[in-house]
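**Q** Take this structure, written in structure tokens, and hold onto it; I'll ask about it next.
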Amino acid sequence: MASVTMTVNGKSVSADVDPRTLLVQFLREHLRLTGTHVGCDTSQCGACVVHVDGKAVKACTTLAVQAEGCDILTIEGLANGSELHPMQAAFREHHGLQCGYCTPGMIMTAVDMVNRLGHDIDEATIRHELEGNICRCTGYHNIVLAVEAGAKAMGGAGMREAAE
């Protein structure tokens, strides 16, 4: 067993885990944060995207022990209490989801995109940045619209991670 300690959604957590435990398994099975999904186990679909020290990471190919001492943000920690993060609100408003399975990973990727590239991003950039996230239900049109709207709504002051 290996001991891991990290901060998840602002709370310090520690556990003994098998050294082969993936970060996504740790989040889902040990912490019961089931918003991070497992879609492919091969880093292809992006359903498992979380932020590790402020950067988007696919948790299905990251070991929990690799996150030792890191700050992890999951979809559950993105909202401010009952107030949705601007990107979450934009996905709801623009129906950037269908079955919802890919949505947490899409949102976490989109927030990372805005944090890196700014709030004035165009459709081509959004489509390029979302290439590592697969949605099997939609044609991505509403997802792109939601990311555009969410990016504009984040606008700087509304960016939760930038303030932390």
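Chain lettering (A, B, ...) mirrors the order of the structure tokens, residue numbering begins at 1 for each chain separately, and ligand numbering begins at 1 in order of display.
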According to DSSP computed on the backbone, where in stretch 17-107 of chain A is there helix (DSSP H, G or I)? Give the residues as a VMD selection string.
**A** chain A and resid 23 to 30 59 to 61 64 to 67 75 to 77 86 to 93 103 to 107
**Q** Which residues come within 6 Å of stretch 64-69 of chain A, counting only C-alpha atoms, excluding same-chain residues fewer than 6 positions away, as a ChimeraX atom specification?
**A** /A:4-6,21-23
**Q** Take the residues from that selection and put them in a file with C-alpha atoms, as a PDB file, in the first residue's frame.
**A**
```
ATOM      1  CA  VAL A   4      -1.374   9.576  -0.587  1.00  0.00           C
ATOM      2  CA  THR A   5      -2.303  13.030   0.609  1.00  0.00           C
ATOM      3  CA  MET A   6      -3.745  15.708  -1.639  1.00  0.00           C
ATOM      4  CA  THR A  21      -4.767   2.916  -8.206  1.00  0.00           C
ATOM      5  CA  LEU A  22      -5.679   5.421 -10.873  1.00  0.00           C
ATOM      6  CA  LEU A  23      -6.617   8.942  -9.867  1.00  0.00           C
TER       7      LEU A  23
END
```
**Q** In chain A, what's strand (DSSP E or B) per DSSP? Answer as an MDAnalysis selection string?
**A** chainID A and resid 2:8 11:17 22 49:52 55:58 63 71:73 80 83
**Q** Could you please take those selected residues and save N, CA and C atoms as a compact mmCIF listing (two decimals), in the first residue's frame?
**A**
```
# COMPACT_ATOMS: atom_id res chain seq x y z
N ALA A 2 0.35 2.28 -0.61
CA ALA A 2 1.03 3.57 -0.63
C ALA A 2 0.12 4.60 0.02
N SER A 3 0.70 5.52 0.72
CA SER A 3 -0.08 6.57 1.36
C SER A 3 -0.08 7.79 0.44
N VAL A 4 -1.27 8.37 0.23
CA VAL A 4 -1.37 9.58 -0.59
C VAL A 4 -2.11 10.65 0.21
N THR A 5 -1.65 11.87 0.03
CA THR A 5 -2.30 13.03 0.61
C THR A 5 -2.38 14.09 -0.47
N MET A 6 -3.54 14.66 -0.64
CA MET A 6 -3.75 15.71 -1.64
C MET A 6 -4.91 16.57 -1.19
N THR A 7 -5.09 17.67 -1.87
CA THR A 7 -6.25 18.53 -1.62
C THR A 7 -7.22 18.32 -2.76
N VAL A 8 -8.44 17.94 -2.43
CA VAL A 8 -9.46 17.70 -3.45
C VAL A 8 -10.62 18.65 -3.19
N LYS A 11 -10.38 20.47 0.08
CA LYS A 11 -10.29 19.71 1.34
C LYS A 11 -9.11 18.76 1.28
N SER A 12 -8.35 18.72 2.36
CA SER A 12 -7.22 17.79 2.44
C SER A 12 -7.76 16.37 2.63
N VAL A 13 -7.23 15.44 1.86
CA VAL A 13 -7.62 14.04 1.98
C VAL A 13 -6.35 13.18 2.00
N SER A 14 -6.43 12.09 2.74
CA SER A 14 -5.33 11.13 2.81
C SER A 14 -5.93 9.74 2.78
N ALA A 15 -5.17 8.82 2.19
CA ALA A 15 -5.63 7.43 2.15
C ALA A 15 -4.47 6.51 1.84
N ASP A 16 -4.63 5.26 2.20
CA ASP A 16 -3.70 4.22 1.77
C ASP A 16 -4.32 3.55 0.56
N VAL A 17 -3.56 3.48 -0.52
CA VAL A 17 -4.07 2.91 -1.77
C VAL A 17 -3.06 1.95 -2.36
N LEU A 22 -5.60 4.24 -10.02
CA LEU A 22 -5.68 5.42 -10.87
C LEU A 22 -6.35 6.56 -10.12
N VAL A 49 -11.57 14.05 -17.23
CA VAL A 49 -10.73 15.23 -17.02
C VAL A 49 -11.02 15.91 -15.68
N VAL A 50 -9.94 16.14 -14.94
CA VAL A 50 -9.96 16.92 -13.70
C VAL A 50 -8.81 17.91 -13.81
N HIS A 51 -8.74 18.84 -12.89
CA HIS A 51 -7.61 19.77 -12.85
C HIS A 51 -6.66 19.35 -11.75
N VAL A 52 -5.40 19.21 -12.10
CA VAL A 52 -4.33 18.91 -11.15
C VAL A 52 -3.40 20.11 -11.13
N LYS A 55 -4.24 22.50 -13.99
CA LYS A 55 -4.14 22.09 -15.39
C LYS A 55 -5.01 20.86 -15.64
N ALA A 56 -5.65 20.83 -16.80
CA ALA A 56 -6.50 19.69 -17.16
C ALA A 56 -5.65 18.44 -17.34
N VAL A 57 -6.10 17.36 -16.69
CA VAL A 57 -5.40 16.08 -16.74
C VAL A 57 -6.44 14.98 -16.89
N LYS A 58 -6.11 13.98 -17.68
CA LYS A 58 -7.00 12.82 -17.80
C LYS A 58 -6.69 11.87 -16.65
N LEU A 63 -1.83 8.02 -12.07
CA LEU A 63 -1.90 7.27 -10.82
C LEU A 63 -2.21 8.21 -9.66
N ASP A 71 -3.10 19.78 -5.78
CA ASP A 71 -4.42 20.38 -5.60
C ASP A 71 -5.29 19.88 -6.75
N ILE A 72 -6.32 19.12 -6.43
CA ILE A 72 -7.20 18.51 -7.43
C ILE A 72 -8.54 19.24 -7.41
N LEU A 73 -9.04 19.57 -8.59
CA LEU A 73 -10.38 20.14 -8.72
C LEU A 73 -11.19 19.24 -9.63
N ASN A 80 -19.74 27.27 -6.98
CA ASN A 80 -19.56 27.98 -5.71
C ASN A 80 -20.84 27.76 -4.90
N GLU A 83 -24.35 28.06 -6.56
CA GLU A 83 -24.19 28.89 -7.76
C GLU A 83 -23.27 28.18 -8.75
```
**Q** Here is a test: counting only C-alpha atoms, which residue of A:Val144, A:Ile107, A:Cys48, A:Cys99 is nearest to A:Leu84?
**A**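 For A:Leu84, the nearest of the candidates is A:Ile107.
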**Q** Please compute the atom CA of A:Val147-atom CA of A:Ser43 distance, one decimal, in Å.
**A**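 Atom CA of A:Val147 sits 21.5 Å away from atom CA of A:Ser43.
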**Q** Hey, what's within 9 Å of A:Glu148 if we count only C-alpha atoms and toss same-chain stuff fewer than 3 positions away? As a list of chain:residue names, please?
**A**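 My list of contacting residues is A:Ala90, A:His119, A:Asp120, A:Ile121, A:Asp122, A:Glu123, A:Ile126, A:Ile143, A:Val144, A:Leu145, A:Ala151, A:Lys152, A:Ala153.
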**Q** Emit the selected residues as a PDB file, in the first residue's frame, including C-alpha atoms.
**A**
```pdb
ATOM      1  CA  ALA A  90     -23.486  28.060 -20.149  1.00  0.00           C
ATOM      2  CA  HIS A 119     -12.148  34.457 -22.616  1.00  0.00           C
ATOM      3  CA  ASP A 120     -12.158  35.631 -26.238  1.00  0.00           C
ATOM      4  CA  ILE A 121     -11.725  32.332 -28.081  1.00  0.00           C
ATOM      5  CA  ASP A 122     -13.114  31.482 -31.488  1.00  0.00           C
ATOM      6  CA  GLU A 123     -14.936  28.417 -32.759  1.00  0.00           C
ATOM      7  CA  ILE A 126     -12.578  25.619 -29.255  1.00  0.00           C
ATOM      8  CA  ILE A 143     -21.036  22.216 -26.967  1.00  0.00           C
ATOM      9  CA  VAL A 144     -19.044  24.786 -28.953  1.00  0.00           C
ATOM     10  CA  LEU A 145     -21.771  27.398 -28.403  1.00  0.00           C
ATOM     11  CA  ALA A 151     -15.741  31.743 -21.877  1.00  0.00           C
ATOM     12  CA  LYS A 152     -17.339  35.151 -22.300  1.00  0.00           C
ATOM     13  CA  ALA A 153     -19.208  34.768 -18.988  1.00  0.00           C
TER      14      ALA A 153
END
```
**Q** Have a look at atom CA of A:His141 and atom CA of A:Met113 and let me know their distance in Å, one decimal.
**A**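 Between atom CA of A:His141 and atom CA of A:Met113 the gap works out to 17.3 Å.
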**Q** Between atom CA of A:Gly35 and atom CA of A:Asn115, what is the distance, to one decimal in Å?
**A**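 Computed distance, atom CA of A:Gly35 to atom CA of A:Asn115, equals 21.0 Å.
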**Q** Would you mind telling me which residue in A:Gly46, A:Gly118, A:Gly155, A:Gly81 lies nearest to A:Met106 when using only C-alpha atoms?
**A**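 For A:Met106, the nearest of the candidates is A:Gly46.
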**Q** Within 12 Å of A:Gly100, counting only C-alpha atoms, which residues qualify if same-chain residues fewer than 3 places away don't, as a ChimeraX atom specification?
**A** /A:35-37,39,47,88,91-92,95-97,103-107,134-138,143
**Q** Hey, which of A:Thr62, A:Cys70, A:Glu29, A:Asp53 ends up closest to A:Asp41? Count only C-alpha atoms.
**A** A:Thr62
